[in-house]
$ cat query.txt   # compact mmCIF, C-alpha atoms and all ligand atoms
# COMPACT_ATOMS: atom_id res chain seq x y z
CA MET A 647 34.27 -51.76 8.10
CA SER A 648 32.75 -53.61 5.17
CA VAL A 649 30.65 -51.70 2.65
CA HIS A 650 28.81 -52.66 -0.51
CA ILE A 651 29.69 -50.82 -3.71
CA VAL A 652 26.71 -50.75 -6.05
CA LYS A 653 27.38 -49.49 -9.60
CA VAL A 654 24.96 -47.36 -11.58
CA GLN A 655 26.15 -48.03 -15.14
CA LEU A 656 25.58 -45.01 -17.36
CA ALA A 657 28.68 -44.93 -19.59
CA ASP A 658 30.70 -41.77 -18.76
CA ARG A 659 28.15 -40.80 -16.09
CA SER A 660 28.45 -44.07 -14.15
CA TYR A 661 28.83 -43.83 -10.39
CA ASP A 662 29.03 -45.78 -7.15
CA VAL A 663 26.44 -46.10 -4.43
CA VAL A 664 28.32 -46.99 -1.24
CA VAL A 665 26.16 -48.76 1.35
CA GLY A 666 27.06 -49.84 4.86
CA ASN A 667 27.71 -48.90 8.45
CA GLY A 668 30.54 -46.34 8.31
CA ALA A 669 30.18 -45.70 4.56
CA ILE A 670 30.62 -41.97 5.24
CA SER A 671 34.38 -42.52 5.57
CA SER A 672 34.52 -43.32 1.84
CA LEU A 673 33.29 -39.78 0.96
CA ALA A 674 36.81 -38.29 0.74
CA GLY A 675 37.68 -40.70 -2.08
CA TYR A 676 34.82 -39.36 -4.24
CA LEU A 677 35.56 -35.63 -3.95
CA PRO A 678 36.43 -34.38 -7.47
CA LYS A 679 40.05 -33.27 -7.80
CA LYS A 680 39.04 -30.13 -9.74
CA ALA A 681 36.81 -28.81 -6.90
CA LYS A 682 38.19 -26.02 -4.69
CA ARG A 683 34.95 -25.42 -2.80
CA ALA A 684 32.00 -27.49 -1.68
CA VAL A 685 28.52 -26.37 -0.65
CA ILE A 686 26.70 -28.70 1.73
CA ILE A 687 22.91 -28.48 1.43
CA THR A 688 21.23 -29.96 4.49
CA GLN A 689 18.64 -29.32 7.23
CA TYR A 690 18.98 -28.40 10.89
CA GLY A 691 19.07 -31.50 13.08
CA ILE A 692 20.97 -33.71 10.62
CA GLU A 693 24.29 -34.56 12.25
CA SER A 694 27.02 -35.72 9.89
CA GLN A 695 30.78 -35.46 9.60
CA VAL A 696 30.56 -34.24 6.00
CA SER A 697 31.90 -30.73 6.64
CA GLU A 698 34.91 -32.10 8.60
CA ILE A 699 35.67 -34.66 5.86
CA VAL A 700 35.43 -32.06 3.09
CA SER A 701 37.55 -29.49 4.97
CA ALA A 702 40.17 -32.13 5.85
CA ALA A 703 40.44 -32.87 2.11
CA GLY A 704 41.44 -29.23 1.55
CA LEU A 705 38.19 -27.89 0.11
CA GLN A 706 36.70 -24.64 1.35
CA CYS A 707 33.32 -25.61 2.73
CA GLU A 708 30.04 -23.66 3.06
CA THR A 709 26.80 -25.02 4.51
CA VAL A 710 23.29 -23.92 3.64
CA PHE A 711 20.23 -25.12 5.55
CA ILE A 712 16.85 -25.59 3.90
CA GLY A 713 13.46 -25.86 5.62
CA ARG A 714 11.72 -29.10 6.51
CA GLY A 715 8.52 -30.09 4.76
CA GLU A 716 7.19 -30.30 1.21
CA GLU A 717 6.49 -26.54 1.14
CA PHE A 718 10.24 -25.94 1.10
CA LYS A 719 10.67 -28.21 -1.91
CA SER A 720 10.08 -25.16 -4.06
CA LEU A 721 11.50 -22.88 -6.72
CA GLN A 722 12.00 -20.25 -3.99
CA THR A 723 14.39 -22.65 -2.23
CA ILE A 724 16.27 -23.20 -5.51
CA GLN A 725 16.52 -19.44 -5.98
CA HIS A 726 17.81 -18.99 -2.42
CA LEU A 727 20.42 -21.73 -2.95
CA CYS A 728 21.59 -20.30 -6.27
CA GLU A 729 21.84 -16.77 -4.81
CA SER A 730 24.06 -18.25 -2.07
CA PHE A 731 26.22 -20.06 -4.66
CA GLY A 732 26.60 -16.72 -6.45
CA GLN A 733 27.65 -14.89 -3.27
CA TRP A 734 30.25 -17.58 -2.52
CA GLY A 735 31.56 -17.57 -6.10
CA ILE A 736 30.85 -21.25 -6.69
CA THR A 737 32.13 -22.26 -10.13
CA ARG A 738 31.14 -25.16 -12.34
CA ASN A 739 34.30 -26.96 -11.14
CA ASP A 740 33.11 -26.88 -7.56
CA LEU A 741 30.93 -29.40 -5.75
CA ILE A 742 27.48 -29.50 -4.21
CA ILE A 743 26.75 -32.12 -1.54
CA GLY A 744 23.18 -32.97 -0.53
CA VAL A 745 23.09 -34.35 3.03
CA GLY A 746 19.68 -35.58 4.14
CA GLY A 747 16.61 -37.51 3.06
CA GLY A 748 14.91 -37.60 -0.32
CA MET A 749 13.61 -34.04 -0.12
CA VAL A 750 17.12 -32.65 0.46
CA THR A 751 18.78 -34.72 -2.26
CA ASP A 752 15.99 -33.89 -4.78
CA VAL A 753 16.47 -30.17 -4.08
CA ALA A 754 20.29 -30.31 -3.96
CA GLY A 755 20.30 -32.31 -7.20
CA PHE A 756 18.09 -29.78 -8.97
CA ALA A 757 20.16 -26.84 -7.69
CA ALA A 758 23.29 -28.65 -8.98
CA ALA A 759 21.64 -29.39 -12.34
CA SER A 760 20.74 -25.70 -12.70
CA TRP A 761 23.86 -23.97 -11.38
CA HIS A 762 26.06 -23.08 -14.38
CA ARG A 763 23.83 -25.55 -16.30
CA GLY A 764 25.29 -28.45 -14.39
CA THR A 765 27.67 -28.71 -11.41
CA ASP A 766 28.86 -31.93 -9.77
CA VAL A 767 26.76 -33.24 -6.91
CA ILE A 768 27.30 -36.01 -4.37
CA HIS A 769 24.42 -37.26 -2.23
CA VAL A 770 24.91 -38.36 1.36
CA SER A 771 21.62 -40.06 2.08
CA THR A 772 20.48 -40.15 5.71
CA SER A 773 17.03 -41.76 5.33
CA LEU A 774 15.94 -45.25 4.34
CA VAL A 775 13.75 -43.87 1.51
CA GLY A 776 16.80 -42.03 0.18
CA MET A 777 19.10 -45.04 0.44
CA VAL A 778 16.83 -47.46 -1.41
CA ASP A 779 15.26 -44.99 -3.84
CA ALA A 780 15.35 -41.20 -3.87
CA ALA A 781 19.10 -40.50 -3.84
CA ILE A 782 19.80 -43.00 -6.65
CA GLY A 783 18.97 -42.44 -10.31
CA GLY A 784 19.25 -38.71 -10.89
CA LYS A 785 15.62 -37.63 -10.62
CA THR A 786 15.73 -34.14 -9.14
CA GLY A 787 13.09 -31.47 -8.79
CA VAL A 788 10.69 -29.34 -6.79
CA ASN A 789 6.93 -28.96 -6.33
CA LEU A 790 4.50 -26.41 -7.76
CA ALA A 791 0.99 -25.59 -6.51
CA ALA A 792 -0.20 -27.72 -9.44
CA GLY A 793 1.57 -30.85 -8.16
CA LYS A 794 4.61 -32.58 -6.72
CA ASN A 795 7.92 -32.78 -8.61
CA LEU A 796 6.53 -30.97 -11.66
CA VAL A 797 9.73 -28.98 -12.29
CA GLY A 798 12.99 -30.87 -12.39
CA ALA A 799 15.81 -32.43 -14.33
CA PHE A 800 17.62 -35.72 -14.67
CA TRP A 801 21.03 -35.02 -13.15
CA GLN A 802 23.10 -37.97 -12.04
CA PRO A 803 25.27 -37.59 -8.94
CA LYS A 804 28.99 -38.41 -8.91
CA ALA A 805 28.46 -40.77 -5.96
CA VAL A 806 25.81 -41.68 -3.40
CA ILE A 807 26.89 -42.46 0.16
CA CYS A 808 24.41 -44.48 2.25
CA ASP A 809 25.78 -44.84 5.76
CA THR A 810 23.31 -47.16 7.48
CA ALA A 811 24.44 -45.83 10.89
CA PHE A 812 22.08 -42.89 10.18
CA LEU A 813 19.11 -45.29 10.28
CA SER A 814 19.43 -45.92 14.03
CA THR A 815 18.34 -42.34 14.72
CA LEU A 816 15.49 -42.20 12.18
CA PRO A 817 12.03 -41.27 13.59
CA SER A 818 9.57 -44.18 13.37
CA LYS A 819 7.38 -42.47 10.74
CA GLU A 820 10.39 -42.03 8.44
CA LEU A 821 11.40 -45.64 9.04
CA ARG A 822 7.86 -46.74 8.10
CA CYS A 823 8.14 -44.72 4.88
CA GLY A 824 11.44 -46.43 4.07
CA HIS A 825 9.90 -49.82 4.76
CA GLY A 826 7.00 -49.00 2.38
CA GLU A 827 9.47 -48.23 -0.43
CA MET A 828 11.62 -51.21 0.50
CA ALA A 829 8.61 -53.56 0.44
CA LYS A 830 8.09 -52.90 -3.26
CA TYR A 831 11.49 -54.41 -4.11
CA HIS A 832 10.29 -57.74 -2.67
CA PHE A 833 7.81 -57.96 -5.56
CA LEU A 834 9.98 -56.65 -8.42
CA THR A 835 12.46 -59.54 -8.51
CA GLY A 836 12.34 -63.08 -7.19
CA ASP A 837 14.95 -62.30 -4.51
CA ASP A 838 14.51 -63.51 -0.95
CA LEU A 839 15.15 -60.10 0.63
CA VAL A 840 13.68 -61.23 3.96
CA SER A 841 16.65 -63.51 4.60
CA LEU A 842 19.10 -60.58 4.33
CA GLU A 843 20.47 -58.50 7.21
CA LEU A 844 19.56 -54.78 7.06
CA ASP A 845 22.77 -53.53 5.39
CA ASP A 846 22.68 -56.33 2.83
CA ARG A 847 18.99 -55.70 2.17
CA VAL A 848 19.51 -51.95 1.68
CA ALA A 849 22.39 -52.74 -0.68
CA ARG A 850 20.32 -55.25 -2.63
CA CYS A 851 17.45 -52.73 -3.00
CA ALA A 852 19.97 -50.11 -4.15
CA GLN A 853 21.33 -52.66 -6.65
CA ILE A 854 17.83 -53.40 -8.04
CA LYS A 855 17.22 -49.68 -8.42
CA ALA A 856 20.68 -49.13 -9.96
CA ASP A 857 20.08 -51.90 -12.51
CA ILE A 858 16.71 -50.44 -13.51
CA VAL A 859 18.19 -46.92 -13.86
CA SER A 860 21.15 -48.30 -15.83
CA SER A 861 18.79 -49.82 -18.38
CA ASP A 862 16.16 -47.04 -18.50
CA GLU A 863 17.53 -43.74 -17.19
CA ARG A 864 14.72 -41.54 -18.55
CA GLU A 865 11.77 -43.78 -17.63
CA GLY A 866 10.94 -44.91 -21.15
CA GLY A 867 9.61 -48.23 -19.82
CA LEU A 868 11.26 -50.38 -17.14
CA ARG A 869 11.88 -47.54 -14.68
CA ALA A 870 8.10 -47.02 -14.40
CA LEU A 871 8.01 -50.30 -12.42
CA LEU A 872 9.48 -48.35 -9.51
CA ASN A 873 6.07 -46.67 -9.31
CA SER A 874 4.56 -49.94 -8.08
CA GLY A 875 1.99 -49.11 -5.37
CA HIS A 876 2.26 -45.42 -6.20
CA THR A 877 -1.03 -44.84 -8.08
CA LEU A 878 -3.16 -45.43 -4.99
CA GLY A 879 -0.30 -44.29 -2.76
CA HIS A 880 -0.29 -40.76 -4.23
CA ALA A 881 -4.10 -40.60 -4.01
CA ILE A 882 -4.04 -41.61 -0.30
CA GLU A 883 -1.36 -39.01 0.45
CA ILE A 884 -3.53 -36.26 -1.03
CA GLU A 885 -6.90 -37.53 0.23
CA SER A 886 -5.53 -38.00 3.79
CA ASN A 887 -4.15 -34.46 3.66
CA PHE A 888 -0.67 -35.98 4.01
CA ALA A 889 -1.51 -37.62 7.37
CA PHE A 890 -0.24 -40.71 5.52
CA ALA A 891 3.27 -39.97 4.30
CA HIS A 892 4.53 -41.23 0.95
CA GLY A 893 5.97 -44.63 1.93
CA GLU A 894 3.10 -45.42 4.29
CA ALA A 895 0.63 -44.71 1.49
CA VAL A 896 2.69 -46.71 -1.03
CA ALA A 897 2.49 -49.72 1.33
CA ILE A 898 -1.33 -49.65 1.11
CA GLY A 899 -0.99 -49.07 -2.64
CA LEU A 900 1.09 -52.25 -2.98
CA ILE A 901 -1.64 -54.29 -1.29
CA PHE A 902 -4.30 -52.70 -3.49
CA ALA A 903 -2.25 -53.36 -6.64
CA SER A 904 -1.94 -57.05 -5.72
CA LYS A 905 -5.70 -57.27 -5.14
CA LEU A 906 -6.41 -55.46 -8.40
CA ALA A 907 -4.08 -57.86 -10.22
CA HIS A 908 -6.06 -60.71 -8.66
CA SER A 909 -9.42 -59.10 -9.62
CA LEU A 910 -8.14 -58.92 -13.21
CA GLY A 911 -7.14 -62.60 -13.14
CA ARG A 912 -3.44 -61.79 -13.43
CA VAL A 913 -2.26 -63.46 -10.19
CA PRO A 914 -3.58 -66.16 -7.82
CA GLN A 915 -4.72 -65.44 -4.24
CA GLU A 916 -1.36 -66.75 -2.92
CA ARG A 917 0.38 -63.76 -4.51
CA VAL A 918 -2.01 -61.39 -2.69
CA ASP A 919 -1.28 -63.29 0.54
CA TYR A 920 2.47 -62.89 -0.09
CA HIS A 921 2.00 -59.10 -0.43
CA MET A 922 0.07 -59.06 2.86
CA HIS A 923 2.82 -61.12 4.50
CA ILE A 924 5.61 -58.78 3.39
CA VAL A 925 3.86 -55.43 3.90
CA GLY A 926 1.74 -56.24 6.96
CA GLU A 927 3.79 -58.85 8.81
CA THR A 928 7.43 -58.41 7.77
CA TYR A 929 7.36 -54.61 7.89
CA GLY A 930 4.34 -54.13 10.20
CA LEU A 931 2.79 -51.50 7.93
CA GLN A 932 -0.88 -50.58 7.60
CA THR A 933 -2.51 -52.50 4.73
CA ALA A 934 -6.07 -51.13 5.08
CA ILE A 935 -7.58 -48.06 3.39
CA PRO A 936 -7.60 -45.11 5.86
CA LYS A 937 -11.17 -44.51 7.01
CA SER A 938 -10.84 -40.76 6.37
CA CYS A 939 -10.52 -41.45 2.62
CA SER A 940 -13.55 -41.37 0.32
CA LEU A 941 -13.37 -44.18 -2.23
CA ASP A 942 -14.95 -42.00 -4.94
CA ARG A 943 -12.32 -39.33 -4.45
CA LEU A 944 -9.52 -41.90 -4.43
CA VAL A 945 -10.68 -43.20 -7.83
CA THR A 946 -10.93 -39.63 -9.19
CA LEU A 947 -7.44 -38.82 -7.92
CA MET A 948 -6.01 -42.03 -9.41
CA ALA A 949 -7.50 -41.15 -12.80
CA LYS A 950 -5.67 -37.79 -12.59
CA ASP A 951 -2.31 -39.34 -11.61
CA LYS A 952 0.42 -37.76 -13.72
CA LYS A 953 1.55 -41.21 -14.94
CA ALA A 954 -1.99 -42.10 -16.08
CA VAL A 955 -1.66 -41.37 -19.79
CA ASP A 956 -4.37 -43.80 -20.93
CA GLY A 957 -7.12 -44.09 -18.30
CA LEU A 958 -6.55 -45.67 -14.87
CA THR A 959 -2.98 -46.95 -14.93
CA PHE A 960 -1.26 -49.25 -12.44
CA VAL A 961 1.94 -51.21 -12.11
CA LEU A 962 0.63 -54.74 -11.68
CA ASP A 963 1.99 -58.19 -11.10
CA GLY A 964 1.07 -60.81 -13.67
CA PRO A 965 2.14 -63.95 -15.49
CA GLN A 966 5.00 -62.02 -17.18
CA GLY A 967 6.07 -60.39 -13.92
CA VAL A 968 5.42 -56.78 -12.92
CA GLU A 969 4.37 -54.43 -15.74
CA THR A 970 2.49 -51.19 -16.39
CA VAL A 971 -1.17 -51.79 -17.25
CA ALA A 972 -3.29 -48.91 -18.61
CA GLY A 973 -7.00 -48.48 -19.31
CA ILE A 974 -8.34 -50.46 -16.33
CA PRO A 975 -12.16 -50.11 -16.04
CA PRO A 976 -13.11 -47.75 -13.15
CA GLN A 977 -15.77 -50.21 -11.85
CA ILE A 978 -13.14 -52.92 -11.24
CA VAL A 979 -10.90 -50.40 -9.51
CA TYR A 980 -13.81 -49.21 -7.35
CA GLN A 981 -15.01 -52.73 -6.49
CA THR A 982 -11.51 -53.82 -5.52
CA LEU A 983 -11.12 -50.76 -3.30
CA GLU A 984 -14.54 -51.37 -1.74
CA ALA A 985 -13.56 -54.94 -0.86
CA MET A 986 -10.49 -53.77 1.07
CA GLU A 987 -10.35 -53.49 4.83
CA VAL A 988 -10.83 -49.94 6.18
CA LEU A 989 -9.05 -48.71 9.31
N1 LIG A 1001 11.55 -42.90 -7.41
C1 LIG A 1001 11.28 -43.51 -8.66
C2 LIG A 1001 12.39 -43.32 -9.64
O1 LIG A 1001 13.47 -42.91 -9.29
O2 LIG A 1001 12.20 -43.59 -10.80

$ encode --input "query.txt" --output "C-alpha cells"
Amino acid sequence: MSVHIVKVQLADRSYDVVVGNGAISSLAGYLPKKAKRAVIITQYGIESQVSEIVSAAGLQCETVFIGRGEEFKSLQTIQHLCESFGQWGITRNDLIIGVGGGMVTDVAGFAAASWHRGTDVIHVSTSLVGMVDAAIGGKTGVNLAAGKNLVGAFWQPKAVICDTAFLSTLPSKELRCGHGEMAKYHFLTGDDLVSLELDDRVARCAQIKADIVSSDEREGGLRALLNSGHTLGHAIEIESNFAFAHGEAVAIGLIFASKLAHSLGRVPQERVDYHMHIVGETYGLQTAIPKSCSLDRLVTLMAKDKKAVDGLTFVLDGPQGVETVAGIPPQIVYQTLEAMEVL
C-alpha cells in the first residue's frame, strides 16, 4: 500500500492528512496515547473498520449515529452528542472520531471543540468533498434557521484519514459534488491536475488546501480563495431549493466566475474556455444556470452572501491570479448571468 502524507503546518497544532487506497490502516498510529476511550460519530450506512481498529488498539469504543441531511447539522445534534459524551464519562484526554462526509466531520469537529472546551478529534473522511476540502483545515460548525454554518469554531483535528477505497461506493450525486469542489483546485494553481491518477489528484488537492490553511488558518485573506465559485454556488443551492447540491452548484459558480472575470476584462476568452473544459468536459458537470432559478433572485441572494462585506463579492481570476474582488456593479453581474446558457 502506498499512501500520500500531506502536512498541515500549524506549529504545535500541525497534523497529517493521509491519502490513498488503504489509508485507514494508518489510523492506529494516530490514536493519542493518553486516550482511554474513543467516541465514533458517524451515520447509518457508512461501513468502516474504525471501531475494530480502535478497539484492537485497546481503547474502549462507543459509536453514536447522527441523522442524514442538513437539518441534522444543528445545535440539537451537538446537544445530543454532548449528553452522550457525559453519560459515557468522556474526559478531555479521550478521543472523538468523525467518520463520514463533510457534514459528519463538521459536526464531530464542533462537538470536539465544545466538549470540555476542546477534546482531540480525528477525521476519517469517506466522501470526495471531505477528502479535498471539508475534513481539512479545522472549520467546524452547524446551521441555524438564519443560515448555514453560522455557529462554529476553528478546531484542528489531530489527523485526517482519506481512504480513497471509500470513493468506489459513493453515490453519483456525491461524486459530482466532490468533482465540483475538486474542479476549483484546477484554477487556483498552475498544476496539471488532469494528468494525475485519482489518488494522486486527491492528494494534490489536499496539499493545496493544506498549504492555504497553513498560511491563513483563520481566513484573513488567502483562505477566502477556497470560496471560488461559491458566491453563485450558494445562491443556486438556495434558489433551487437544494435540488442542486453544494458541489454541483459550485461547478456552475466556477463557470460564472470565469465569465464575470472576462466581462470585467480580467481574463481572456481562452481562460473561460479552459474553465468550460475542466468543469464540463473533464468532470462532466452541468455548466448552465438551472432553468428553475430566477436571475433577479440569484443576484439578490449573492448580494446577501455572508462573505459579501462590500457589495457583490466574488473570487475571480485575473492578471495576478485568483483574488477576492468586492464592489462589482450589479448590472455587470446580471448581464453576465443573462448571457449564460440555461438548462
Ligand atoms: N471550505 C472552505 C475552507 O475550508 O476554508

$ axis_aligned_box --input "query.txt" --around "ligand LIG 1001 (chain A)" --padding-each-side "4 Å" --output "AutoDock Vina command-line options"
--center_x 12.4 --center_y -43.2 --center_z -9.1 --size_x 10.2 --size_y 8.7 --size_z 11.4

$ residues_around --input "query.txt" --residues "A:Ala891" --least-positions-apart "6" --cutoff "10 Å" --atoms "only C-alpha atoms" --output "MDAnalysis selection string"
chainID A and resid 819:820 822:823 826 879:880 882:884

$ closest_residue --input "query.txt" --among "A:Thr970, A:Thr709, A:Gln725, A:Ser648" --to "A:Leu868" --atoms "only C-alpha atoms"
A:Thr970

$ closest_atom_pairs --input "query.txt" --of "stretch 745-829 of chain A" --to "stretch 851-864 of chain A" --cutoff "10 Å" --atoms "all atoms listed in the file" --output "Markdown table"
| residue | atom | partner | partner_atom | distance |
| --- | --- | --- | --- | --- |
| A:Gly776 | CA | A:Ala852 | CA | 9.7 |
| A:Met777 | CA | A:Ala852 | CA | 6.9 |
| A:Val778 | CA | A:Ala852 | CA | 4.9 |
| A:Asp779 | CA | A:Lys855 | CA | 6.8 |
| A:Ala780 | CA | A:Lys855 | CA | 9.8 |
| A:Ala781 | CA | A:Ala852 | CA | 9.7 |
| A:Ile782 | CA | A:Ala856 | CA | 7.0 |
| A:Gly783 | CA | A:Val859 | CA | 5.8 |
| A:Gly784 | CA | A:Glu863 | CA | 8.2 |
| A:Lys785 | CA | A:Arg864 | CA | 8.9 |
| A:Phe800 | CA | A:Arg864 | CA | 7.6 |
| A:Gln802 | CA | A:Glu863 | CA | 9.5 |
| A:Cys808 | CA | A:Ala852 | CA | 9.6 |
| A:Glu827 | CA | A:Cys851 | CA | 9.5 |
| A:Met828 | CA | A:Cys851 | CA | 7.0 |
| A:Ala829 | CA | A:Cys851 | CA | 9.5 |

$ residues_near_point --input "query.txt" --point "(10.4, -59.0, -4.9)" --cutoff "12 Å" --atoms "only C-alpha atoms" --output "JSON list (two decimals) with C-alpha atoms, keeping the file's coordinate frame"
[["chain", "number", "residue", "atom", "x", "y", "z"],
["A", 827, "GLU", "CA", 9.47, -48.23, -0.43],
["A", 828, "MET", "CA", 11.62, -51.21, 0.50],
["A", 829, "ALA", "CA", 8.61, -53.56, 0.44],
["A", 830, "LYS", "CA", 8.09, -52.90, -3.26],
["A", 831, "TYR", "CA", 11.49, -54.41, -4.11],
["A", 832, "HIS", "CA", 10.29, -57.74, -2.67],
["A", 833, "PHE", "CA", 7.81, -57.96, -5.56],
["A", 834, "LEU", "CA", 9.98, -56.65, -8.42],
["A", 835, "THR", "CA", 12.46, -59.54, -8.51],
["A", 836, "GLY", "CA", 12.34, -63.08, -7.19],
["A", 837, "ASP", "CA", 14.95, -62.30, -4.51],
["A", 838, "ASP", "CA", 14.51, -63.51, -0.95],
["A", 839, "LEU", "CA", 15.15, -60.10, 0.63],
["A", 840, "VAL", "CA", 13.68, -61.23, 3.96],
["A", 847, "ARG", "CA", 18.99, -55.70, 2.17],
["A", 850, "ARG", "CA", 20.32, -55.25, -2.63],
["A", 851, "CYS", "CA", 17.45, -52.73, -3.00],
["A", 854, "ILE", "CA", 17.83, -53.40, -8.04],
["A", 871, "LEU", "CA", 8.01, -50.30, -12.42],
["A", 872, "LEU", "CA", 9.48, -48.35, -9.51],
["A", 874, "SER", "CA", 4.56, -49.94, -8.08],
["A", 900, "LEU", "CA", 1.09, -52.25, -2.98],
["A", 917, "ARG", "CA", 0.38, -63.76, -4.51],
["A", 920, "TYR", "CA", 2.47, -62.89, -0.09],
["A", 921, "HIS", "CA", 2.00, -59.10, -0.43],
["A", 924, "ILE", "CA", 5.61, -58.78, 3.39],
["A", 925, "VAL", "CA", 3.86, -55.43, 3.90],
["A", 963, "ASP", "CA", 1.99, -58.19, -11.10],
["A", 967, "GLY", "CA", 6.07, -60.39, -13.92],
["A", 968, "VAL", "CA", 5.42, -56.78, -12.92]]

$ residues_near_point --input "query.txt" --point "(36.8, -29.6, -5.9)" --cutoff "9 Å" --atoms "all atoms listed in the file" --output "VMD selection string"
chain A and resid 677 to 684 704 to 706 739 to 741

$ residues_around --input "query.txt" --residues "A:Ala674" --least-positions-apart "2" --cutoff "10 Å" --atoms "only C-alpha atoms" --output "compact mmCIF listing (two decimals) with C-alpha atoms, in the coordinates of the input"
# COMPACT_ATOMS: atom_id res chain seq x y z
CA ILE A 670 30.62 -41.97 5.24
CA SER A 671 34.38 -42.52 5.57
CA SER A 672 34.52 -43.32 1.84
CA TYR A 676 34.82 -39.36 -4.24
CA LEU A 677 35.56 -35.63 -3.95
CA PRO A 678 36.43 -34.38 -7.47
CA VAL A 696 30.56 -34.24 6.00
CA ILE A 699 35.67 -34.66 5.86
CA VAL A 700 35.43 -32.06 3.09
CA SER A 701 37.55 -29.49 4.97
CA ALA A 702 40.17 -32.13 5.85
CA ALA A 703 40.44 -32.87 2.11

$ residues_around --input "query.txt" --residues "A:Ala754" --least-positions-apart "4" --cutoff "9 Å" --atoms "only C-alpha atoms" --output "PyMOL selection string"
chain A and resi 686-688+724+727+742-745+749-750+758-759+767+769+786-787

$ atom_distance --input "query.txt" --atom1 "atom CA of A:Phe756" --atom2 "atom CA of A:Gly715"
16.7 Å

$ decode --input "query.txt" --residues "stretch 844-856 of chain A" --atoms "N, CA, C and O atoms" --output "tab-separated table (two decimals), in the first residue's frame"
chain	number	residue	atom	x	y	z
A	844	LEU	N	-6.37	9.29	-9.87
A	844	LEU	CA	-7.29	9.78	-8.83
A	844	LEU	C	-6.61	9.99	-7.47
A	844	LEU	O	-6.73	11.07	-6.88
A	845	ASP	N	-5.90	8.97	-6.96
A	845	ASP	CA	-5.30	9.12	-5.63
A	845	ASP	C	-4.32	10.29	-5.58
A	845	ASP	O	-4.28	11.05	-4.62
A	846	ASP	N	-3.53	10.40	-6.64
A	846	ASP	CA	-2.54	11.49	-6.70
A	846	ASP	C	-3.25	12.85	-6.79
A	846	ASP	O	-2.80	13.83	-6.21
A	847	ARG	N	-4.35	12.86	-7.50
A	847	ARG	CA	-5.08	14.13	-7.67
A	847	ARG	C	-5.74	14.55	-6.35
A	847	ARG	O	-5.70	15.71	-5.96
A	848	VAL	N	-6.34	13.56	-5.66
A	848	VAL	CA	-6.94	13.87	-4.34
A	848	VAL	C	-5.84	14.38	-3.40
A	848	VAL	O	-6.02	15.39	-2.70
A	849	ALA	N	-4.69	13.72	-3.42
A	849	ALA	CA	-3.59	14.13	-2.54
A	849	ALA	C	-3.10	15.53	-2.90
A	849	ALA	O	-2.80	16.34	-2.02
A	850	ARG	N	-3.03	15.82	-4.19
A	850	ARG	CA	-2.56	17.16	-4.60
A	850	ARG	C	-3.56	18.24	-4.18
A	850	ARG	O	-3.18	19.31	-3.71
A	851	CYS	N	-4.87	17.94	-4.32
A	851	CYS	CA	-5.89	18.91	-3.87
A	851	CYS	C	-5.77	19.11	-2.36
A	851	CYS	O	-5.83	20.24	-1.87
A	852	ALA	N	-5.59	18.00	-1.63
A	852	ALA	CA	-5.44	18.10	-0.16
A	852	ALA	C	-4.20	18.94	0.17
A	852	ALA	O	-4.22	19.74	1.11
A	853	GLN	N	-3.14	18.78	-0.63
A	853	GLN	CA	-1.91	19.55	-0.39
A	853	GLN	C	-2.15	21.05	-0.64
A	853	GLN	O	-1.69	21.89	0.14
A	854	ILE	N	-2.88	21.37	-1.71
A	854	ILE	CA	-3.16	22.79	-2.00
A	854	ILE	C	-3.97	23.38	-0.84
A	854	ILE	O	-3.67	24.46	-0.34
A	855	LYS	N	-4.98	22.61	-0.40
A	855	LYS	CA	-5.78	23.11	0.72
A	855	LYS	C	-4.91	23.24	1.98
A	855	LYS	O	-4.99	24.25	2.71
A	856	ALA	N	-4.08	22.23	2.25
A	856	ALA	CA	-3.23	22.26	3.45
A	856	ALA	C	-2.31	23.47	3.42
A	856	ALA	O	-2.11	24.15	4.45
